[in-house]
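Structure, as structure tokens:
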Amino acid sequence: MENEKDNIKSIDSSPYDFRYEEKGFYRNQAGLTPEIVAKLSDDKNDPEWMREFRQNALKIYNELKVPEWGPDISGLNIDEIATYVRPNTKMQGKWEDVPDDIKDTFEKLGIPEAERTSLAGVGAQYDSELVYHNLQEEVAKQGVIYTDFESSLRGPYADMVKEHFMQLVKPNDHKFAALHGAVWSGGSFVYVPKNVKVEIPLQSYFRLNAKGAGQFEHTLIIVDEGADLHFIEGCSAPKYNVANLHAGCVELYVKKGAHLRYSTVENWSKNMYNLNTKRARVEEGGSIEWVSGSFGSHISYLYPQSDLIGRGARAEFTGVTFAGEGQNLDTGAKMVHLAPATTSLITTKSLSKSGGVSTYRSAIYIGKEAAGSKASVSCESLMLDNISRSDTVPAMDIHTDDCDVGHEAKIGRISNDAVFYLMSRGISEEEARTMIVSGFANPVSKELPLEYAVEMNNLIRLEMKGSL
Amino acid sequence: MTENLKLNDINKIPCLTWNWLKMNRASLELEASSNIISEKKEITASKKDEVVYLPLVFEDGKRYEHEQVITAEENAEITVIMDYTSAKNAGGFSSIKTKLVAHPYSKIHLVKVQLLGSNYVQIDDTAGECEDGAKIEVTQIELGGSKVYAQVKNELKGYESKFKSDTAYITENGQILDMNYVVNHHGAKTDTKMIVKGVVGESSLKVYRGTIDFKRGCTDATGDEQEETLLMSPTAINKSIPMILCDEENVAGTHGATLGRLGADELFYMQSRGISEEEAKVMMKKAKILSVASKIPSNAVHEKIEKFLGEK
């Protein structure tokens with residue numbers, strides 16, 4: 001029984017823990033120098049402005065320091081990370097044309113099936129490049145653009161992309177935003193025209209198969225006035241005994257009266273340093289909903305930020321973080337109110353077990369121009385054993401009197417009474433605790449499409465196995 | 001030419017966060033001076049119901065360093081009431097350091113009432129330690145000064161030891177009030193209750209950092225912190241960071257904060273009784289302070305507070 005429990009602890013990511021050889025792949029030299037970045041620009045045939053952008057971003061990266069707060073990332077050595085690994089295929093529009101090993105990867109992850117049953121479009125990235133991209137014809141006819149990011153730099157939307165690229169998340173924002181600016185590769189550009197409602201979600205899935213490598217995809221979404229979109233991203237990687245790095249960037253523009261829901265189920269392997277930056281800019285009457293499930297990574301720094309710049313703009317963040325053995329997940333959200341009558345709501349749930357460390361970190365900023373704004377934060381943390389850790393670090397920075405801000409937080413353990421009640425109904429202790437934890441995470445899972453809610457609950461179930 | 005004295009890491013928070021929020025710590029620059037008036041007092045309680053009154057009067061243009069060590073022996077109980085006063089527009093600098101040692105089953109109630117002149121700068125540091133069954137209670141009122149940095153740190157080392165704090169403040173007219181409360185739970189069944197309430201007025205800045213830290217081994221510990229802030233000016237700035245740090249499974253920690261201005265319903269109710277908006281604001285300000293002042297067992301101190309509020 002003891003061996004089974006030990007084995008179970010280490011197979012928590014087994015459905016995702018498979019890998020393929022890099023046959024015929026191109027991998028750049030590990031490390032970060034102007035020459036390596038220039039070579040990347042050559043490999044990607046960057047327009048001139050992007051070449052300069054990358055080099056400037058590299059300079060900023062070298063000037064900035066690692067933050068003095070947050071989990072220790074001294075185990076990450078950028079000199080040992082290959083920032084570009086290109087699979088031996090071009091991007092395809094049909095799964096049949098994708099090489100077998102890569103296609104099998106995404107089949108195992110359920111992506112083609114999800115596309116067939118419930119998605120309007122899919123972008124699948126393998127290491128540093130997209131290998132598959134497709135958009136349903138009916139959605140394309142509505143004028144929706146969903147392309148790989150590299151193509152968007154040269155096509156009819158090149159000027160729009162250039163105007164928006166890394167303007168929300170600037171390279172000088174922090175060290176890993178600068179890193180992203182220097183070595184980004186892959187990702188998607190989405191544009192939804194005015195008043196178009198995309199009824200079915202679009203999805204991007206990111207798979208980092210390479211060992212000792214980084215993934216730096218860039219996602220830029222512009223939802224024009226009155227439009228509506230649900231975008232889902234998922235990610236995973238096999239586990240290695242060396243560090244991998246994810247420093248992606250998501251920039252979301254929600255125009256006047258538009259609505260965007262951005263859902264993520266993050267399940268990177270437990271050797272991953274996940275230093276991701278996500279930011280949304282919401283104009284008058286617009287709204288953004290973030291739905292986030294963080295289950296993977298060794299170290300995570302993840303705080304989607306919403307800048308509410310137009311009157312009546314609204315943002316909502318619902319997230320669950322589950323830190324298990326060997327994980328230190330520092331997650332949360334930032335809401336920045338910069339216009340009158342804006343509202344924000346943060347609801348998070350954190351769990352920690354088997355020595356995991358879960359930190360909830362948030363910031364509510366209400367500027368002096370944000371009269372009549374309201375913000376509410378609710379964070380709950382559950383400790384599942386006595387060797388784990390859970391911290392809550394919420395901050396409120398308020399520069400006007402005409403606002404309403406409320407915050408509440410709770411930390412505790414699973415109620416013995418609740419476990420006893422379920423066990424008295426014939427449910428095993430492990431199953432009882434799993435049910436309680438799934439219920440705890442329910443506010444997040446119920447916001448996801450069914451397939452992803454099922455995946456999230458399965459991830460919780462896997463994490464809870466062997467928890468006794 | 002003597003260099004100014006730079007004090008960094010004042011009220012530094014136990015778990016740092018984003019630097020752009022400017023909440024991790026405070027800093028202060030002072031003119032260097034060797035002309036400092038120092039005083040140290042030691043108070044030891046050995047019986048129950050002891051009350052000691054320590055008024056501190058600060059003169060204009062002076063610099064003070066005051067230190068107190070307050071010890072309650074086993075089963076003793078003591079209330080120490082300190083108030084700091086000066087002339088209305090006096091300026092100067094005062095540093096207060098108060099150490100509290102609560103031996104088993106003892107109780108220390110420390111009251112600090114700050115009624116300084118509008119140009120005074122103060123750093124006020126309180127550090128306590130509780131043994132088994134001991135209790136430390138801090139009642140703190142901050143009304144004056146131009147820049148005030150107040151810190152209260154308490155170690156709940158003993159089994160079933162407790163900490164309670166009630167803090168009230170008003171800031172306005174360019175005042176800065178920077179507070180840092182930290183309670184570290186070490187012993188089992190320890191308990192913390194922290195309540196902070198106040199008013200942030202015109203052109204003033206108030207920073208509140210409140211940390212409950214459940215250390216490994218503090219089984220069955222409980223902690224609760226609550227903050228109520230009334231914002232009374234479009235030029236008021238409020239920064240709050242109530243934290244719970246938890247390294248122990250079997251605990252319960254909660255915190256809540258509400259920040260906003262006088263509700264429209266409350267205002268309407270008062271105006272319907274003939275109370276103007278200005279009068280209503282004054283009443284609400286006073287109410288926040290007096291609700292905490294009611295815990296101070298001294299009519300003389302109540303009068304000082306009411307007088308100061310009347311002149312504010």
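If you're wondering about the labels, chains in the structure tokens are A, B, ... by order shown, residues count from 1 in each chain, ligands from 1 in order shown.
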
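Taking the backbone of this structure through DSSP, the residues of range 138-191 of chain A that come out as strand (DSSP E) are Ile145, Tyr146, Thr147, Asp148, Gly187, Ser188, Phe189, Val190 and Tyr191 of chain A.
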
The selected residues should be written to file as a PDB file, in the first residue's frame (atoms: C-alpha atoms).
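Just written: again11.pdb:
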```pdb
ATOM      1  CA  ILE A 145      -9.352  36.344 -38.331  1.00  0.00           C
ATOM      2  CA  TYR A 146      -7.498  33.588 -36.499  1.00  0.00           C
ATOM      3  CA  THR A 147      -3.985  33.072 -37.739  1.00  0.00           C
ATOM      4  CA  ASP A 148      -0.606  32.095 -36.445  1.00  0.00           C
ATOM      5  CA  GLY A 187       1.176  32.041 -30.815  1.00  0.00           C
ATOM      6  CA  SER A 188      -1.903  33.463 -32.490  1.00  0.00           C
ATOM      7  CA  PHE A 189      -3.519  36.621 -33.695  1.00  0.00           C
ATOM      8  CA  VAL A 190      -7.290  36.879 -33.421  1.00  0.00           C
ATOM      9  CA  TYR A 191      -9.492  39.667 -34.676  1.00  0.00           C
TER      10      TYR A 191
END
```

- Item | Residue contacts of Asn4 in chain B (12 Å, only C-alpha atoms) excluding same-chain residues fewer than 6 positions away, as an MDAnalysis selection string | chainID B and resid 28:34

- Message: What are the residues of chain A lining chain B at 7 Å or less? Count only C-alpha atoms, and put the answer as a PyMOL selection string.
- Response: chain A and resi 69+383-386+388-413

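In this structure, CA of Asn271 in chain A sits 16.9 Å away from CA of Thr321 in chain A.
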
- Compile the contact shell of Ala120 in chain A as a ChimeraX atom specification: residues with an atom at most 7 Å away, counting only C-alpha atoms, same-chain residues fewer than 3 positions apart removed. /A:135-136,139,200-202

- Who sits within 8 Å of range 296-309 of chain B, only C-alpha atoms, same chain under 3 positions skipped, as a ChimeraX atom specification: /B:81,83,111,115,139,286,292-293,312

- Task: Skip Ala26 in chain B itself and residues of its chain fewer than 2 positions away, then list as a list in words all residues within 7 Å of it, counting only C-alpha atoms.
- Result: Asn8, Asp9, Ile10, Asn11, Lys12 and Leu28 of chain B

- Message: Can you pull out the residues contacting range 209-213 of chain A? Cut-off 12 Å, using only C-alpha atoms, and skip same-chain residues under 3 positions away; I want them as a VMD selection string.
- Response: chain A and resid 16 to 23 25 to 31 76 to 87 101 to 102 105 to 106 125 to 129 183 206 216 235 to 247 268 to 269 271 to 273

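All residues of protein, DNA or RNA that reach within 8 Å of Gly61 in chain B, judged by only C-alpha atoms and not counting those fewer than 2 positions away in the chain, are Glu59, Arg63, Ala90, Gly91, Gly92 and Phe93 of chain B.
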
Selection above as a file: N, CA and C atoms, as a JSON list (two decimals), in the first residue's frame:
```json
[["chain", "number", "residue", "atom", "x", "y", "z"],
["B", 59, "GLU", "N", 7.97, 68.82, 23.17],
["B", 59, "GLU", "CA", 8.07, 70.27, 22.90],
["B", 59, "GLU", "C", 8.41, 70.52, 21.44],
["B", 63, "ARG", "N", 13.87, 66.60, 19.86],
["B", 63, "ARG", "CA", 13.99, 65.24, 19.36],
["B", 63, "ARG", "C", 14.00, 64.28, 20.56],
["B", 90, "ALA", "N", 3.13, 72.12, 16.75],
["B", 90, "ALA", "CA", 4.52, 71.80, 17.09],
["B", 90, "ALA", "C", 5.11, 70.84, 16.07],
["B", 91, "GLY", "N", 6.43, 70.95, 15.94],
["B", 91, "GLY", "CA", 7.17, 70.03, 15.08],
["B", 91, "GLY", "C", 8.34, 69.46, 15.84],
["B", 92, "GLY", "N", 8.84, 68.33, 15.39],
["B", 92, "GLY", "CA", 9.96, 67.66, 16.05],
["B", 92, "GLY", "C", 9.96, 66.22, 15.62],
["B", 93, "PHE", "N", 10.75, 65.41, 16.34],
["B", 93, "PHE", "CA", 10.80, 63.98, 16.00],
["B", 93, "PHE", "C", 10.78, 63.18, 17.28]]
```

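Minimum atom-to-atom distance to Glu137 in chain B, evaluated using only C-alpha atoms, belongs to B:Met194 out of B:Ala280, B:Val57, B:Ala87, B:Met194.
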
- Task: Go through range 126-301 of chain B and collect every residue that DSSP, computed from the backbone, puts in alpha helix (DSSP H); the answer should be as a PyMOL selection string.
- Result: chain B and resi 264-272+277-293+299-301

Print the selection's residues with N, CA and C atoms to a file, as a PDB file, in the first residue's frame.
```pdb
ATOM      1  N   ALA B 264     -24.817  56.523   0.820  1.00  0.00           N
ATOM      2  CA  ALA B 264     -25.904  57.446   0.478  1.00  0.00           C
ATOM      3  C   ALA B 264     -27.089  57.249   1.428  1.00  0.00           C
ATOM      4  N   ASP B 265     -27.343  55.998   1.793  1.00  0.00           N
ATOM      5  CA  ASP B 265     -28.477  55.709   2.688  1.00  0.00           C
ATOM      6  C   ASP B 265     -28.237  56.298   4.074  1.00  0.00           C
ATOM      7  N   GLU B 266     -27.011  56.110   4.563  1.00  0.00           N
ATOM      8  CA  GLU B 266     -26.686  56.638   5.909  1.00  0.00           C
ATOM      9  C   GLU B 266     -26.802  58.158   5.914  1.00  0.00           C
ATOM     10  N   LEU B 267     -26.297  58.767   4.859  1.00  0.00           N
ATOM     11  CA  LEU B 267     -26.315  60.232   4.760  1.00  0.00           C
ATOM     12  C   LEU B 267     -27.754  60.735   4.698  1.00  0.00           C
ATOM     13  N   PHE B 268     -28.556  60.050   3.892  1.00  0.00           N
ATOM     14  CA  PHE B 268     -29.960  60.455   3.755  1.00  0.00           C
ATOM     15  C   PHE B 268     -30.666  60.367   5.107  1.00  0.00           C
ATOM     16  N   TYR B 269     -30.375  59.283   5.827  1.00  0.00           N
ATOM     17  CA  TYR B 269     -31.005  59.088   7.147  1.00  0.00           C
ATOM     18  C   TYR B 269     -30.676  60.259   8.069  1.00  0.00           C
ATOM     19  N   MET B 270     -29.396  60.632   8.074  1.00  0.00           N
ATOM     20  CA  MET B 270     -28.980  61.721   8.975  1.00  0.00           C
ATOM     21  C   MET B 270     -29.541  63.053   8.521  1.00  0.00           C
ATOM     22  N   GLN B 271     -29.548  63.281   7.219  1.00  0.00           N
ATOM     23  CA  GLN B 271     -30.067  64.557   6.719  1.00  0.00           C
ATOM     24  C   GLN B 271     -31.567  64.656   6.989  1.00  0.00           C
ATOM     25  N   SER B 272     -32.229  63.528   6.969  1.00  0.00           N
ATOM     26  CA  SER B 272     -33.667  63.545   7.239  1.00  0.00           C
ATOM     27  C   SER B 272     -33.953  63.876   8.697  1.00  0.00           C
ATOM     28  N   GLU B 277     -24.702  67.415   5.800  1.00  0.00           N
ATOM     29  CA  GLU B 277     -23.687  66.458   5.334  1.00  0.00           C
ATOM     30  C   GLU B 277     -22.378  66.662   6.088  1.00  0.00           C
ATOM     31  N   GLU B 278     -22.003  67.924   6.286  1.00  0.00           N
ATOM     32  CA  GLU B 278     -20.745  68.212   7.007  1.00  0.00           C
ATOM     33  C   GLU B 278     -20.799  67.678   8.429  1.00  0.00           C
ATOM     34  N   GLU B 279     -21.929  67.947   9.089  1.00  0.00           N
ATOM     35  CA  GLU B 279     -22.081  67.467  10.468  1.00  0.00           C
ATOM     36  C   GLU B 279     -22.061  65.940  10.505  1.00  0.00           C
ATOM     37  N   ALA B 280     -22.674  65.339   9.529  1.00  0.00           N
ATOM     38  CA  ALA B 280     -22.706  63.863   9.485  1.00  0.00           C
ATOM     39  C   ALA B 280     -21.293  63.303   9.363  1.00  0.00           C
ATOM     40  N   LYS B 281     -20.503  63.950   8.524  1.00  0.00           N
ATOM     41  CA  LYS B 281     -19.112  63.476   8.349  1.00  0.00           C
ATOM     42  C   LYS B 281     -18.339  63.602   9.648  1.00  0.00           C
ATOM     43  N   VAL B 282     -18.524  64.711  10.324  1.00  0.00           N
ATOM     44  CA  VAL B 282     -17.836  64.907  11.606  1.00  0.00           C
ATOM     45  C   VAL B 282     -18.271  63.847  12.606  1.00  0.00           C
ATOM     46  N   MET B 283     -19.557  63.568  12.623  1.00  0.00           N
ATOM     47  CA  MET B 283     -20.077  62.540  13.544  1.00  0.00           C
ATOM     48  C   MET B 283     -19.477  61.180  13.258  1.00  0.00           C
ATOM     49  N   MET B 284     -19.387  60.818  11.968  1.00  0.00           N
ATOM     50  CA  MET B 284     -18.869  59.499  11.599  1.00  0.00           C
ATOM     51  C   MET B 284     -17.389  59.394  11.966  1.00  0.00           C
ATOM     52  N   LYS B 285     -16.676  60.500  11.752  1.00  0.00           N
ATOM     53  CA  LYS B 285     -15.243  60.499  12.108  1.00  0.00           C
ATOM     54  C   LYS B 285     -15.098  60.232  13.597  1.00  0.00           C
ATOM     55  N   LYS B 286     -15.860  60.986  14.354  1.00  0.00           N
ATOM     56  CA  LYS B 286     -15.768  60.847  15.825  1.00  0.00           C
ATOM     57  C   LYS B 286     -16.157  59.449  16.252  1.00  0.00           C
ATOM     58  N   ALA B 287     -17.190  58.929  15.619  1.00  0.00           N
ATOM     59  CA  ALA B 287     -17.705  57.607  16.014  1.00  0.00           C
ATOM     60  C   ALA B 287     -16.628  56.542  15.864  1.00  0.00           C
ATOM     61  N   LYS B 288     -15.866  56.641  14.784  1.00  0.00           N
ATOM     62  CA  LYS B 288     -14.808  55.641  14.553  1.00  0.00           C
ATOM     63  C   LYS B 288     -13.793  55.694  15.701  1.00  0.00           C
ATOM     64  N   ILE B 289     -13.458  56.871  16.098  1.00  0.00           N
ATOM     65  CA  ILE B 289     -12.429  57.020  17.139  1.00  0.00           C
ATOM     66  C   ILE B 289     -12.998  56.636  18.498  1.00  0.00           C
ATOM     67  N   LEU B 290     -14.171  57.134  18.802  1.00  0.00           N
ATOM     68  CA  LEU B 290     -14.715  56.922  20.148  1.00  0.00           C
ATOM     69  C   LEU B 290     -15.070  55.460  20.393  1.00  0.00           C
ATOM     70  N   SER B 291     -15.372  54.730  19.332  1.00  0.00           N
ATOM     71  CA  SER B 291     -15.697  53.308  19.525  1.00  0.00           C
ATOM     72  C   SER B 291     -14.469  52.555  20.023  1.00  0.00           C
ATOM     73  N   VAL B 292     -13.294  52.997  19.642  1.00  0.00           N
ATOM     74  CA  VAL B 292     -12.058  52.374  20.140  1.00  0.00           C
ATOM     75  C   VAL B 292     -11.657  53.021  21.464  1.00  0.00           C
ATOM     76  N   ALA B 293     -11.869  54.331  21.557  1.00  0.00           N
ATOM     77  CA  ALA B 293     -11.512  55.038  22.792  1.00  0.00           C
ATOM     78  C   ALA B 293     -12.283  54.506  23.999  1.00  0.00           C
ATOM     79  N   ASN B 299     -10.864  58.492  32.038  1.00  0.00           N
ATOM     80  CA  ASN B 299     -11.694  59.627  31.627  1.00  0.00           C
ATOM     81  C   ASN B 299     -10.825  60.798  31.178  1.00  0.00           C
ATOM     82  N   ALA B 300      -9.698  60.937  31.808  1.00  0.00           N
ATOM     83  CA  ALA B 300      -8.797  62.047  31.461  1.00  0.00           C
ATOM     84  C   ALA B 300      -8.332  61.916  30.007  1.00  0.00           C
ATOM     85  N   VAL B 301      -8.038  60.716  29.620  1.00  0.00           N
ATOM     86  CA  VAL B 301      -7.570  60.486  28.241  1.00  0.00           C
ATOM     87  C   VAL B 301      -8.725  60.675  27.259  1.00  0.00           C
TER      88      VAL B 301
END
```

- Message: Report, in Å to a single decimal, how far apart CA of Lys6 in chain B and CA of Leu116 in chain B are.
- Response: 22.5 Å

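Residue nearest Asn173 in chain B, chosen from B:Asn119, B:Asp132, B:Asp191, B:Ala127 and counting only C-alpha atoms: B:Asn119.
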